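**Student:** Pasting a structure here, questions to come.
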Amino acid sequence: MVAREDIFIIFTMDCERIRRYSPPGGPETWELSECAIRGFSEVMEENDLLATFFIVPETAERHRALWLDLMSRGFELAVHYHPQSFRGGEWKDYLGGYSYQEQKSQLREVIKDWTRALGIKPESFRPGNVSANDDTFRVLYELGFRQGSVSVPERNLPEYKAVWVGANPYPHHTSPSNRLIEGDMDFFEVPITIDRERRVWQGKDPLELRVEFAGLEDHVETIEKWIRHLTETDIPIKHLVVITHNFFDYSDDSGEMRKRLEGIARYAYEISEEYGLNPVPSTIKQIHIEVDKGSKS
């Protein structure tokens with residue numbers, strides 16, 4: 001059962017192909033990608049945290065042994081997808097630029113490659129650039145996905161087909177036909193945490209709790225403001241979602257990015273406890289399980 005004083009702490013990493021094969025961006029080398037993943041997972045385990053890795057199919061294949069080891073240690077493996085960096089790059093638009101049938105056709109192929117690489121069927125999903133449209137949740141549900149972290153509330157980037165103005169910022173079940181209205185479909189959305197009062201990218205995006213977006217002091221402010229909001233408004237399902245990418249050498253324990261990640265982990269615990277909350281390390285799939293358990297009890 002989810003207690004009202006619980007807060008689910010969820011760290012996520014989007015794991016891209018190397019940059020020369022990934023127009024939307026990626027790590028410079030496969031070696032850097034592996035260092036990023038290993039270092040990130042070390043920080044998680046040192047702080048008794050879990051994480052969901054959102055992985056594009058080729059990166060799933062390249063790091064197969066590492067992924068299966070991480071899964072055995074309690075981490076979640078999930079699908080990440082940029083049309084522009086899938087296979088030979090046949091699709092040029094962002095996911096939200098495609099129709100229901102086009103999304104379904106593409107994602108069937110993504111699931112096929114991803115499942116072949118890891119030998120397991122994926123259940124969680126995040127699109128590249130959080131690009132989606134009103135058909136996306138329906139497509140995901142029909143293809144067997146049951147949860148994801150698809151949205152950045154208040155993002156307004158139509159060039160990425162990623163307009164989330166007015167989107168629900170709390171974990172919720174989505175509607176089969178409209179991502180902004182809750183319904184009975186059992187796809188569970190867990191939005192990325194933001195500070196809606198501070199903007200980046202010429203005001204088109206809120207300051208996300210994305211490790212690489214800002215210094216530690218800014219992230220601490222975002223965490224504190226979000227947790228204060230959750231407690232003052234008595235939001236029943238409290239959560240914190242951190243995001244990063246496999247672009248940075250998190251294995252360098254003297255590096256700025258490693259220290260920033262460690263600081264976010266530390267303050268996520270400390271600020272939660274200051275507000276009388278019980279931090280619950282979680283994955284995207286686990287928060288869905290726990291919320292559904294609570295609703296049936």
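By convention in this document, the chains of the structure tokens carry letters A, B, ... by their order, each chain's residues are numbered from 1, and ligands are numbered from 1 in the order they are shown.
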Report as an MDAnalysis selection string: the residues of segment 93-285 of chain A with a DSSP assignment of helix (DSSP H, G or I), based on the backbone of this structure.
**Tutor:** chainID A and resid 95:97 100:118 128:130 136:142 158:160 211:213 216:232 256:274 284:285
**Student:** Need to verify the contact set: Ile120 of chain A, 10 Å, only C-alpha atoms, exclusion of same-chain residues closer than 5 positions in sequence. Can you return it as number ranges by chain?
**Tutor:** A: 68, 77, 111, 114-115
**Student:** May I have the selected residues written with all heavy atoms, as a compact mmCIF listing (two decimals), in the first residue's frame?
**Tutor:**
```txt
# COMPACT_ATOMS: atom_id res chain seq x y z
N LEU A 68 22.18 -7.16 -18.62
CA LEU A 68 21.63 -8.33 -17.93
C LEU A 68 22.15 -8.41 -16.50
O LEU A 68 21.43 -8.82 -15.58
CB LEU A 68 21.94 -9.60 -18.71
CG LEU A 68 21.28 -9.66 -20.11
CD1 LEU A 68 21.65 -10.96 -20.81
CD2 LEU A 68 19.77 -9.51 -20.01
N LEU A 77 15.22 -2.34 -17.08
CA LEU A 77 15.59 -2.10 -18.46
C LEU A 77 14.33 -1.76 -19.24
O LEU A 77 13.35 -2.51 -19.21
CB LEU A 77 16.28 -3.32 -19.06
CG LEU A 77 17.44 -3.94 -18.25
CD1 LEU A 77 18.06 -5.10 -19.02
CD2 LEU A 77 18.48 -2.88 -17.88
N ILE A 111 10.53 -2.90 -30.79
CA ILE A 111 10.37 -3.98 -29.81
C ILE A 111 11.07 -5.25 -30.31
O ILE A 111 11.73 -5.96 -29.52
CB ILE A 111 8.87 -4.25 -29.54
CG1 ILE A 111 8.25 -3.05 -28.81
CG2 ILE A 111 8.68 -5.52 -28.73
CD1 ILE A 111 6.72 -3.10 -28.76
N TRP A 114 14.87 -4.73 -29.86
CA TRP A 114 15.22 -4.63 -28.45
C TRP A 114 15.09 -5.99 -27.76
O TRP A 114 15.96 -6.39 -26.99
CB TRP A 114 14.29 -3.60 -27.79
CG TRP A 114 14.71 -3.05 -26.48
CD1 TRP A 114 15.40 -1.89 -26.24
CD2 TRP A 114 14.43 -3.60 -25.17
NE1 TRP A 114 15.57 -1.69 -24.90
CE2 TRP A 114 14.98 -2.72 -24.22
CE3 TRP A 114 13.76 -4.74 -24.74
CZ2 TRP A 114 14.89 -2.95 -22.85
CZ3 TRP A 114 13.67 -4.98 -23.37
CH2 TRP A 114 14.23 -4.10 -22.44
N THR A 115 14.03 -6.71 -28.06
CA THR A 115 13.80 -8.03 -27.47
C THR A 115 14.84 -9.03 -27.95
O THR A 115 15.33 -9.86 -27.17
CB THR A 115 12.38 -8.52 -27.80
OG1 THR A 115 11.43 -7.57 -27.29
CG2 THR A 115 12.12 -9.88 -27.19
```
**Student:** Determine, counting only C-alpha atoms, which protein, DNA and RNA residues have an atom within 8 Å of an atom of Glu123 of chain A; residues of the same chain fewer than 6 positions away are not included. Present the result as an mmCIF file with all heavy atoms, in the first residue's frame.
**Tutor:**
```
data_model
loop_
_atom_site.group_PDB
_atom_site.id
_atom_site.type_symbol
_atom_site.label_atom_id
_atom_site.label_comp_id
_atom_site.auth_asym_id
_atom_site.auth_seq_id
_atom_site.Cartn_x
_atom_site.Cartn_y
_atom_site.Cartn_z
ATOM 1 N N ALA A 78 14.362 -0.635 -19.959
ATOM 2 C CA ALA A 78 13.179 -0.143 -20.659
ATOM 3 C C ALA A 78 13.589 0.386 -22.032
ATOM 4 O O ALA A 78 14.769 0.554 -22.323
ATOM 5 C CB ALA A 78 12.508 0.954 -19.829
ATOM 6 N N VAL A 79 12.591 0.665 -22.858
ATOM 7 C CA VAL A 79 12.846 1.103 -24.231
ATOM 8 C C VAL A 79 12.933 2.628 -24.316
ATOM 9 O O VAL A 79 12.107 3.352 -23.749
ATOM 10 C CB VAL A 79 11.743 0.603 -25.183
ATOM 11 C CG1 VAL A 79 11.873 1.255 -26.562
ATOM 12 C CG2 VAL A 79 11.809 -0.912 -25.326
ATOM 13 N N GLY A 144 1.804 -3.447 -25.614
ATOM 14 C CA GLY A 144 2.209 -4.182 -24.418
ATOM 15 C C GLY A 144 2.978 -3.383 -23.396
ATOM 16 O O GLY A 144 3.346 -3.914 -22.337
ATOM 17 N N PHE A 145 3.234 -2.114 -23.646
ATOM 18 C CA PHE A 145 3.862 -1.278 -22.618
ATOM 19 C C PHE A 145 2.817 -0.948 -21.559
ATOM 20 O O PHE A 145 1.655 -0.684 -21.872
ATOM 21 C CB PHE A 145 4.406 0.011 -23.231
ATOM 22 C CG PHE A 145 5.575 -0.202 -24.157
ATOM 23 C CD1 PHE A 145 5.398 -0.147 -25.531
ATOM 24 C CD2 PHE A 145 6.839 -0.452 -23.653
ATOM 25 C CE1 PHE A 145 6.473 -0.333 -26.387
ATOM 26 C CE2 PHE A 145 7.910 -0.646 -24.509
ATOM 27 C CZ PHE A 145 7.735 -0.590 -25.883
ATOM 28 N N ARG A 146 3.240 -0.952 -20.305
ATOM 29 C CA ARG A 146 2.291 -0.706 -19.221
ATOM 30 C C ARG A 146 2.638 0.513 -18.386
ATOM 31 O O ARG A 146 1.831 0.948 -17.569
ATOM 32 C CB ARG A 146 2.199 -1.959 -18.321
ATOM 33 C CG ARG A 146 1.486 -3.115 -19.007
ATOM 34 C CD ARG A 146 0.054 -2.746 -19.330
ATOM 35 N NE ARG A 146 -0.676 -3.753 -20.106
ATOM 36 C CZ ARG A 146 -0.878 -3.690 -21.415
ATOM 37 N NH1 ARG A 146 -0.372 -2.696 -22.129
ATOM 38 N NH2 ARG A 146 -1.564 -4.629 -22.039
ATOM 39 N N GLN A 147 3.816 1.085 -18.583
ATOM 40 C CA GLN A 147 4.177 2.294 -17.874
ATOM 41 C C GLN A 147 5.317 2.989 -18.610
ATOM 42 O O GLN A 147 5.952 2.403 -19.485
ATOM 43 C CB GLN A 147 4.582 2.032 -16.418
ATOM 44 C CG GLN A 147 5.743 1.071 -16.226
ATOM 45 C CD GLN A 147 5.300 -0.387 -16.176
ATOM 46 O OE1 GLN A 147 4.253 -0.710 -15.634
ATOM 47 N NE2 GLN A 147 6.115 -1.272 -16.730
ATOM 48 N N LYS A 285 8.571 0.899 -13.267
ATOM 49 C CA LYS A 285 7.641 -0.218 -13.136
ATOM 50 C C LYS A 285 7.194 -0.395 -11.689
ATOM 51 O O LYS A 285 6.006 -0.646 -11.417
ATOM 52 C CB LYS A 285 8.287 -1.508 -13.641
ATOM 53 C CG LYS A 285 7.372 -2.726 -13.537
ATOM 54 C CD LYS A 285 8.029 -3.972 -14.107
ATOM 55 C CE LYS A 285 7.095 -5.184 -13.972
ATOM 56 N NZ LYS A 285 7.704 -6.405 -14.572
#
```
**Student:** Just how far from atom CA of Val110 of chain A is atom CA of Leu240 of chain A, in Å to one decimal?
**Tutor:**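 That distance, rounded to one decimal, is 28.1 Å.
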**Student:** Using DSSP secondary structure from the backbone, list all strand (DSSP E or B) positions within segment 244-284 of chain A, as a list in words.
**Tutor:**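 Those residues are Thr244, His245, Asn278, Pro279, Val280 and Pro281 of chain A.
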**Student:** May I ask which of the residues A:Glu34, A:Arg138, A:Asp6, A:Leu66 is the closest one to Glu273 of chain A, counting only C-alpha atoms?
**Tutor:** A:Asp6
**Student:** What's around Trp164 of chain A at 10 Å? Count only C-alpha atoms, leave out sequence neighbours fewer than 2 positions away in its own chain, and write the answer as a PyMOL selection string.
**Tutor:** chain A and resi 130-133+151-158+161-162+166-169+179-180+205
